[in-house]
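Report on one structure; see the data block that follows.
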Amino acid sequence: MDIGLLGALNVRENGVSIAPTAPKPRQVLALLALRAGQVVPVSTLIEELWAGAPPRSARTTLQTYVLQLRELIATALRRSAGPDAADAPSAKDVLTTLPGGYLLATGGGRSDIQEFERLRELGCRAMDDENFADASRALRQALDLWTGPPFADVHTGAHLAMEARRLEESRLCALDQRIEADLRLGRHRELLAELTVLTSRYRTHENLHAQFMLALYRSGRRGEALHVYQQLRTLLVRDLGLEPSARLRRLQQSVLTATAENPDSPERHDDLAVPTPGGGLARVP
């Protein structure tokens with residue numbers, strides 16, 4: 001079974017979609033697929049579907065949704081059955097009833113969330129080892145798995161919504177690290193268009209603004225780098241009553257000082273630092 005949740009729901013058994021069209025069965029499948037290989041308690045599924053106010057028929061209705069999913073699984077298994085069909089798993093083997101809940105068995109198939117987490121971990125370890133080329137490559141592959149918001153076409157209750165927020169935060173962290181790796185590799189000009197979009201989308205995200213400032217500075221656009229800082233400061237003060245962090249102020253001061261000392265050769269200055277997601281200052285060659 002192949003599972004796609006980083007975007008629209010896409011769950012396939014032997015290449016055949018088993019995603020239902022009705023909203024609540026889709027919701028059940030999304031939660032089972034999210035926790036594939038694990039027992040999902042009936043109480044968790046009911047809470048996801050009915051937000052703490054289940055009808056009296058909740059368990060019976062949930063059983064009906066499970067039966068609908070099994071029918072789709074059975075159809076997919078029949079379509080993909082070969083000469084050894086008698087030995088093929090049944091729908092109940094794929095979507096199993098166990099004490100207290102249900103388990104979706106993937107049979108060793110692929111999950112885009114698991115692959116994203118694997119590649120993200122590879123990228124983060126490469127960053128720790130200062131292997132920036134491998135870090136950029138692994139993190140870019142991880143981010144390429146995303147085709148939209150998690151569970152984009154599924155109604156989300158408490159459990160799916162919480163997981164969607166966690167995944168979005170994980171994606172933003174991976175993006176942050178990938179941009180830092182690219183900065184370390186000297187890809188400043190290549191990052192400008194992307195960072196223009198990202199800082200417009202995440203208007204108070206200080207680290208993305210710091211990275212944008214550094215990319216602009218290293219591209220010989222010091223005035224624009226300082227303008228990015230000023231725009232962010234205005235927004236933070238006006239909307240949140242906050243000044244930029246000390247890290248960002250130090251970066252602004254570094255740009256100001258470097259500009260005054262050598263206005264024509266930004267690439268010669270090695271004293272600029274960009275804040276890292278962990279909170280420290282990372283020197284960028």
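Identifiers for the structure tokens are assigned positionally: chains receive A, B, ... in sequence, residues are indexed from 1 per chain, and ligands are indexed from 1 in the order shown.
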Residue neighbourhood Asp112 in chain A, 12 Å, only C-alpha atoms, exclusion window fewer than 2 positions, as number ranges by chain: A: 1-11, 33-34, 36, 109-110, 114-120, 141-147, 150-151, 167
Convert the current residue selection to file output with C-alpha atoms, as a CSV table (one decimal), in the first residue's frame.
```csv
chain,number,residue,atom,x,y,z
A,1,MET,CA,0.0,0.0,0.0
A,2,ASP,CA,1.2,3.5,-0.9
A,3,ILE,CA,0.1,6.3,1.3
A,4,GLY,CA,0.1,10.0,0.3
A,5,LEU,CA,-1.0,12.5,3.0
A,6,LEU,CA,1.2,15.5,2.3
A,7,GLY,CA,-1.4,17.1,0.0
A,8,ALA,CA,-4.6,15.5,-1.2
A,9,LEU,CA,-5.5,12.1,0.3
A,10,ASN,CA,-4.0,9.4,-1.9
A,11,VAL,CA,-4.0,5.8,-0.6
A,33,ALA,CA,-3.3,5.8,7.1
A,34,LEU,CA,-1.5,8.4,9.3
A,36,ALA,CA,-0.5,2.8,9.5
A,109,GLY,CA,4.4,0.0,1.2
A,110,ARG,CA,5.5,3.7,1.0
A,114,GLN,CA,7.6,8.5,6.7
A,115,GLU,CA,9.8,9.3,3.7
A,116,PHE,CA,9.7,13.0,4.5
A,117,GLU,CA,10.8,12.3,8.1
A,118,ARG,CA,13.6,10.0,6.9
A,119,LEU,CA,15.0,12.5,4.5
A,120,ARG,CA,14.6,15.4,6.9
A,141,GLN,CA,14.0,15.8,-1.7
A,142,ALA,CA,12.0,15.8,1.6
A,143,LEU,CA,10.3,19.1,0.7
A,144,ASP,CA,9.5,17.9,-2.9
A,145,LEU,CA,7.2,15.3,-1.4
A,146,TRP,CA,4.8,18.0,-0.4
A,147,THR,CA,2.0,18.7,-2.9
A,150,PRO,CA,-1.5,17.9,4.9
A,151,PHE,CA,-4.9,16.2,4.4
A,167,LEU,CA,3.8,18.5,10.0
```
So which bits of range 95-197 of chain A end up strand (DSSP E) when you DSSP the backbone, as a PyMOL selection string? chain A and resi 95-98+101-104
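The two atoms in question, CA of Gly123 in chain A and CA of Ala210 in chain A, are spaced 20.9 Å apart.
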Which parts of range 165-254 of chain A does DSSP call alpha helix (DSSP H) when run on the backbone here, written out as a ChimeraX atom specification? /A:165-184,188-201,206-218,222-235,246-254
Between A:Gly101, A:Ala126, A:Ala161, A:Leu139, smallest distance to Ala30 in chain A by only C-alpha atoms belongs to A:Ala161
Residues within 8 Å of Pro25 in chain A, only C-alpha atoms, excluding chain neighbours under 5 positions, as a PDB file with N, CA and C atoms, in the first residue's frame:
```
ATOM      1  N   PRO A  20     -12.310   6.749  -0.338  1.00  0.00           N
ATOM      2  CA  PRO A  20     -13.736   6.969  -0.589  1.00  0.00           C
ATOM      3  C   PRO A  20     -14.012   8.433  -0.905  1.00  0.00           C
ATOM      4  N   TYR A  65     -18.474   2.646   8.258  1.00  0.00           N
ATOM      5  CA  TYR A  65     -17.388   3.281   7.501  1.00  0.00           C
ATOM      6  C   TYR A  65     -16.256   2.291   7.247  1.00  0.00           C
ATOM      7  N   VAL A  66     -15.938   1.481   8.250  1.00  0.00           N
ATOM      8  CA  VAL A  66     -14.882   0.482   8.090  1.00  0.00           C
ATOM      9  C   VAL A  66     -15.274  -0.535   7.027  1.00  0.00           C
ATOM     10  N   GLN A  68     -17.218   0.017   4.499  1.00  0.00           N
ATOM     11  CA  GLN A  68     -17.097   0.693   3.202  1.00  0.00           C
ATOM     12  C   GLN A  68     -15.647   0.702   2.737  1.00  0.00           C
ATOM     13  N   LEU A  69     -14.731   0.966   3.653  1.00  0.00           N
ATOM     14  CA  LEU A  69     -13.308   0.958   3.302  1.00  0.00           C
ATOM     15  C   LEU A  69     -12.864  -0.440   2.883  1.00  0.00           C
TER      16      LEU A  69
END
```
Counting only C-alpha atoms, the residue of A:Gln177, A:Thr257, A:Thr97, A:Thr75 that sits nearest Ala133 in chain A: A:Gln177
Could you give me, as a PDB file with C-alpha atoms, in the first residue's frame, the residues within 10 Å of Thr196 in chain A, counting only C-alpha atoms and dropping anything in the same chain fewer than 2 positions from it?
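In the end it all went to result.pdb:
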```
ATOM      1  CA  LEU A 191      17.625  32.040  -3.201  1.00  0.00           C
ATOM      2  CA  LEU A 192      16.378  35.596  -3.699  1.00  0.00           C
ATOM      3  CA  ALA A 193      13.139  34.809  -5.547  1.00  0.00           C
ATOM      4  CA  GLU A 194      12.223  32.031  -3.114  1.00  0.00           C
ATOM      5  CA  LEU A 198       8.593  33.126   1.835  1.00  0.00           C
ATOM      6  CA  THR A 199       9.040  36.383   3.734  1.00  0.00           C
ATOM      7  CA  SER A 200       5.769  37.634   2.259  1.00  0.00           C
ATOM      8  CA  ARG A 201       4.016  34.464   3.398  1.00  0.00           C
ATOM      9  CA  LEU A 208      13.617  33.644   7.095  1.00  0.00           C
ATOM     10  CA  HIS A 209      14.026  37.424   7.124  1.00  0.00           C
ATOM     11  CA  PHE A 212      16.785  37.000   3.083  1.00  0.00           C
ATOM     12  CA  VAL A 228      13.893  43.983   4.780  1.00  0.00           C
TER      13      VAL A 228
END
```
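Taking CA of Leu185 in chain A as the reference point, CA of Arg203 in chain A is found at 25.4 Å.
Taking CA of Ala105 in chain A and CA of Pro149 in chain A as endpoints, the distance between them is 24.4 Å.
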